[in-house]
file model_39.pdb (PDB, C-alpha atoms)
ATOM      1  CA  MET A   1    -101.318  88.619 -41.885  1.00  0.00           C
ATOM      2  CA  GLY A   2    -103.915  91.378 -41.501  1.00  0.00           C
ATOM      3  CA  VAL A   3    -104.823  91.244 -45.202  1.00  0.00           C
ATOM      4  CA  ILE A   4    -105.261  87.469 -45.019  1.00  0.00           C
ATOM      5  CA  ASN A   5    -107.499  87.731 -41.963  1.00  0.00           C
ATOM      6  CA  PHE A   6    -109.555  90.501 -43.545  1.00  0.00           C
ATOM      7  CA  SER A   7    -109.905  88.464 -46.753  1.00  0.00           C
ATOM      8  CA  LEU A   8    -111.125  85.428 -44.827  1.00  0.00           C
ATOM      9  CA  ILE A   9    -113.652  87.545 -42.932  1.00  0.00           C
ATOM     10  CA  MET A  10    -114.972  89.000 -46.188  1.00  0.00           C
ATOM     11  CA  ILE A  11    -115.196  85.574 -47.820  1.00  0.00           C
ATOM     12  CA  GLY A  12    -117.253  84.314 -44.894  1.00  0.00           C
ATOM     13  CA  PHE A  13    -119.444  87.417 -44.927  1.00  0.00           C
ATOM     14  CA  TRP A  14    -120.185  87.222 -48.643  1.00  0.00           C
ATOM     15  CA  ILE A  15    -120.911  83.495 -48.545  1.00  0.00           C
ATOM     16  CA  TYR A  16    -122.924  83.215 -45.331  1.00  0.00           C
ATOM     17  CA  GLY A  17    -124.891  86.446 -45.875  1.00  0.00           C
ATOM     18  CA  PRO A  18    -126.762  85.339 -49.013  1.00  0.00           C
ATOM     19  CA  VAL A  19    -127.292  81.836 -47.603  1.00  0.00           C
ATOM     20  CA  MET A  20    -128.865  83.346 -44.498  1.00  0.00           C
ATOM     21  CA  LEU A  21    -131.055  85.680 -46.569  1.00  0.00           C
ATOM     22  CA  ILE A  22    -132.351  82.775 -48.667  1.00  0.00           C
ATOM     23  CA  GLY A  23    -133.341  80.847 -45.539  1.00  0.00           C
ATOM     24  CA  LEU A  24    -134.910  83.938 -44.001  1.00  0.00           C
ATOM     25  CA  GLN A  25    -136.899  84.646 -47.164  1.00  0.00           C
ATOM     26  CA  ALA A  26    -138.187  81.065 -47.222  1.00  0.00           C
ATOM     27  CA  LEU A  27    -139.296  81.342 -43.595  1.00  0.00           C
ATOM     28  CA  ASP A  28    -141.073  84.636 -44.294  1.00  0.00           C
ATOM     29  CA  LEU A  29    -143.043  83.177 -47.207  1.00  0.00           C
ATOM     30  CA  VAL A  30    -144.622  80.250 -45.377  1.00  0.00           C
ATOM     31  CA  PRO A  31    -146.994  79.981 -42.406  1.00  0.00           C
ATOM     32  CA  LYS A  32    -145.436  79.311 -39.007  1.00  0.00           C
ATOM     33  CA  LYS A  33    -146.529  75.657 -39.061  1.00  0.00           C
ATOM     34  CA  ALA A  34    -144.427  75.019 -42.176  1.00  0.00           C
ATOM     35  CA  ALA A  35    -141.287  76.889 -41.080  1.00  0.00           C
ATOM     36  CA  GLY A  36    -139.264  73.748 -40.348  1.00  0.00           C
ATOM     37  CA  THR A  37    -140.214  72.173 -43.651  1.00  0.00           C
ATOM     38  CA  ALA A  38    -139.336  75.348 -45.564  1.00  0.00           C
ATOM     39  CA  ALA A  39    -135.951  75.597 -43.849  1.00  0.00           C
ATOM     40  CA  GLY A  40    -135.216  71.923 -44.488  1.00  0.00           C
ATOM     41  CA  LEU A  41    -136.205  72.001 -48.144  1.00  0.00           C
ATOM     42  CA  THR A  42    -134.274  75.214 -48.717  1.00  0.00           C
ATOM     43  CA  GLY A  43    -131.176  73.620 -47.236  1.00  0.00           C
ATOM     44  CA  LEU A  44    -131.645  70.341 -49.108  1.00  0.00           C
ATOM     45  CA  PHE A  45    -132.127  71.871 -52.521  1.00  0.00           C
ATOM     46  CA  GLY A  46    -129.596  74.631 -51.920  1.00  0.00           C
ATOM     47  CA  TYR A  47    -126.800  72.287 -50.942  1.00  0.00           C
ATOM     48  CA  PHE A  48    -127.715  69.455 -53.314  1.00  0.00           C
ATOM     49  CA  PHE A  49    -128.187  71.542 -56.428  1.00  0.00           C
ATOM     50  CA  GLY A  50    -125.778  74.277 -55.373  1.00  0.00           C
ATOM     51  CA  SER A  51    -122.857  72.118 -54.335  1.00  0.00           C
ATOM     52  CA  PHE A  52    -123.354  69.137 -56.584  1.00  0.00           C
ATOM     53  CA  SER A  53    -124.876  70.443 -59.788  1.00  0.00           C
ATOM     54  CA  ALA A  54    -123.311  73.899 -59.914  1.00  0.00           C
ATOM     55  CA  ASN A  55    -119.782  72.502 -59.804  1.00  0.00           C
ATOM     56  CA  ALA A  56    -120.528  70.151 -62.681  1.00  0.00           C
ATOM     57  CA  MET A  57    -122.347  72.794 -64.742  1.00  0.00           C
ATOM     58  CA  ILE A  58    -119.755  75.526 -64.241  1.00  0.00           C
ATOM     59  CA  GLY A  59    -116.972  73.052 -65.008  1.00  0.00           C
ATOM     60  CA  ALA A  60    -118.663  71.929 -68.221  1.00  0.00           C
ATOM     61  CA  ALA A  61    -119.354  75.532 -69.269  1.00  0.00           C
ATOM     62  CA  VAL A  62    -115.755  76.604 -68.601  1.00  0.00           C
ATOM     63  CA  ASP A  63    -114.381  73.591 -70.486  1.00  0.00           C
ATOM     64  CA  ALA A  64    -116.607  74.280 -73.476  1.00  0.00           C
ATOM     65  CA  PHE A  65    -116.591  78.085 -73.643  1.00  0.00           C
ATOM     66  CA  GLY A  66    -113.776  79.401 -71.411  1.00  0.00           C
ATOM     67  CA  TRP A  67    -113.508  81.313 -68.166  1.00  0.00           C
ATOM     68  CA  ASN A  68    -115.084  84.515 -69.502  1.00  0.00           C
ATOM     69  CA  PHE A  69    -118.318  82.656 -70.185  1.00  0.00           C
ATOM     70  CA  GLY A  70    -118.119  80.961 -66.780  1.00  0.00           C
ATOM     71  CA  PHE A  71    -117.924  84.301 -64.983  1.00  0.00           C
ATOM     72  CA  GLN A  72    -120.707  85.723 -67.156  1.00  0.00           C
ATOM     73  CA  LEU A  73    -122.849  82.715 -66.242  1.00  0.00           C
ATOM     74  CA  ILE A  74    -122.247  83.311 -62.535  1.00  0.00           C
ATOM     75  CA  LEU A  75    -123.021  87.014 -62.960  1.00  0.00           C
ATOM     76  CA  GLY A  76    -126.252  86.224 -64.822  1.00  0.00           C
ATOM     77  CA  ALA A  77    -127.329  83.779 -62.124  1.00  0.00           C
ATOM     78  CA  SER A  78    -126.620  86.402 -59.461  1.00  0.00           C
ATOM     79  CA  VAL A  79    -128.692  89.021 -61.276  1.00  0.00           C
ATOM     80  CA  LEU A  80    -131.560  86.548 -61.740  1.00  0.00           C
ATOM     81  CA  ALA A  81    -131.451  85.607 -58.046  1.00  0.00           C
ATOM     82  CA  THR A  82    -131.512  89.289 -57.082  1.00  0.00           C
ATOM     83  CA  ILE A  83    -134.542  89.936 -59.294  1.00  0.00           C
ATOM     84  CA  LEU A  84    -136.421  86.924 -57.914  1.00  0.00           C
ATOM     85  CA  PHE A  85    -135.554  87.940 -54.355  1.00  0.00           C
ATOM     86  CA  GLY A  86    -136.779  91.482 -55.063  1.00  0.00           C
ATOM     87  CA  ILE A  87    -140.124  90.244 -56.403  1.00  0.00           C
ATOM     88  CA  THR A  88    -140.925  88.492 -53.128  1.00  0.00           C
ATOM     89  CA  TRP A  89    -139.391  91.143 -50.841  1.00  0.00           C
ATOM     90  CA  ASN A  90    -142.703  92.396 -49.357  1.00  0.00           C
ATOM     91  CA  LEU A  91    -144.614  89.106 -49.312  1.00  0.00           C
ATOM     92  CA  ARG A  92    -145.347  87.518 -45.962  1.00  0.00           C
ATOM     93  CA  GLY A  93    -146.874  84.066 -45.601  1.00  0.00           C
ATOM     94  CA  GLN A  94    -148.287  84.847 -42.172  1.00  0.00           C
ATOM     95  CA  THR A  95    -150.127  87.939 -43.437  1.00  0.00           C
ATOM     96  CA  VAL A  96    -151.709  86.022 -46.299  1.00  0.00           C
ATOM     97  CA  LEU A  97    -152.801  83.270 -43.891  1.00  0.00           C
ATOM     98  CA  HIS A  98    -154.443  85.754 -41.512  1.00  0.00           C
ATOM     99  CA  ASP A  99    -156.205  87.582 -44.343  1.00  0.00           C
ATOM    100  CA  ALA A 100    -157.772  84.316 -45.570  1.00  0.00           C
ATOM    101  CA  LYS A 101    -159.588  83.720 -42.266  1.00  0.00           C
TER     102      LYS A 101
END
call {"tool": "encode", "arguments": {"input": "model_39.pdb", "output": "structure tokens"}}
result
Amino acid sequence: MGVINFSLIMIGFWIYGPVMLIGLQALDLVPKKAAGTAAGLTGLFGYFFGSFSANAMIGAAVDAFGWNFGFQLILGASVLATILFGITWNLRGQTVLHDAK
């Protein structure tokens, strides 16, 4: 029972953590007036394309090329997301807005 509970905690941590970081990054990149719009669009596109399209694309890739390719595709997408997140790590929308005045 302890292993099951620990596994469920880890699953939640590894799913919710990146989702929270994506929303936080979006809020950091925009001025305060656009925070609600950024959070809404991040959620819309994340859930629409993530839930809807990713299932169809991964399913098609696994059917055509096998599970090894499917896992490599997920790994490649994770590396690309990490690189893109790292590029914008130090950018702040509020700082850019104040510097323009």
call {"tool": "closest_residue", "arguments": {"input": "model_39.pdb", "among": "A:Leu84, A:Ala39, A:Ala60, A:Val79", "to": "Val19 of chain A", "atoms": "all atoms listed in the file"}}
result
A:Ala39
call {"tool": "closest_residue", "arguments": {"input": "model_39.pdb", "among": "A:Ala64, A:Phe69, A:Thr42, A:Ile15", "to": "Leu29 of chain A", "atoms": "all atoms listed in the file"}}
result
A:Thr42
call {"tool": "atom_distance", "arguments": {"input": "model_39.pdb", "atom1": "atom CA of Phe6 of chain A", "atom2": "atom CA of Gln25 of chain A"}}
result
28.2 Å
call {"tool": "atom_distance", "arguments": {"input": "model_39.pdb", "atom1": "atom CA of Leu24 of chain A", "atom2": "atom CA of Tyr47 of chain A"}}
result
15.8 Å
call {"tool": "residues_around", "arguments": {"input": "model_39.pdb", "residues": "Gly70 of chain A", "least_positions_apart": "2", "cutoff": "12 Å", "atoms": "only C-alpha atoms", "output": "list in words"}}
result
Ala54, Asn55, Ala56, Met57, Ile58, Gly59, Ala60, Ala61, Val62, Asp63, Ala64, Phe65, Gly66, Trp67, Asn68, Gln72, Leu73, Ile74, Leu75, Gly76 and Ala77 of chain A
call {"tool": "atom_distance", "arguments": {"input": "model_39.pdb", "atom1": "atom CA of Gly17 of chain A", "atom2": "atom CA of Ile83 of chain A"}}
result
16.9 Å
call {"tool": "closest_residue", "arguments": {"input": "model_39.pdb", "among": "A:Ile4, A:Pro18, A:Met10, A:Ala26", "to": "Trp89 of chain A", "atoms": "only C-alpha atoms"}}
result
A:Ala26
call {"tool": "residues_around", "arguments": {"input": "model_39.pdb", "residues": "Gly43 of chain A", "least_positions_apart": "3", "cutoff": "12 Å", "atoms": "only C-alpha atoms", "output": "number ranges by chain"}}
result
A: 19-20, 22-24, 26-27, 36-40, 46-51
call {"tool": "axis_aligned_box", "arguments": {"input": "model_39.pdb", "around": "segment 50-62 of chain A", "padding_each_side": "4 Å", "output": "AutoDock Vina command-line options"}}
result
--center_x -120.8 --center_y 72.9 --center_z -61.8 --size_x 18.0 --size_y 15.5 --size_z 22.9
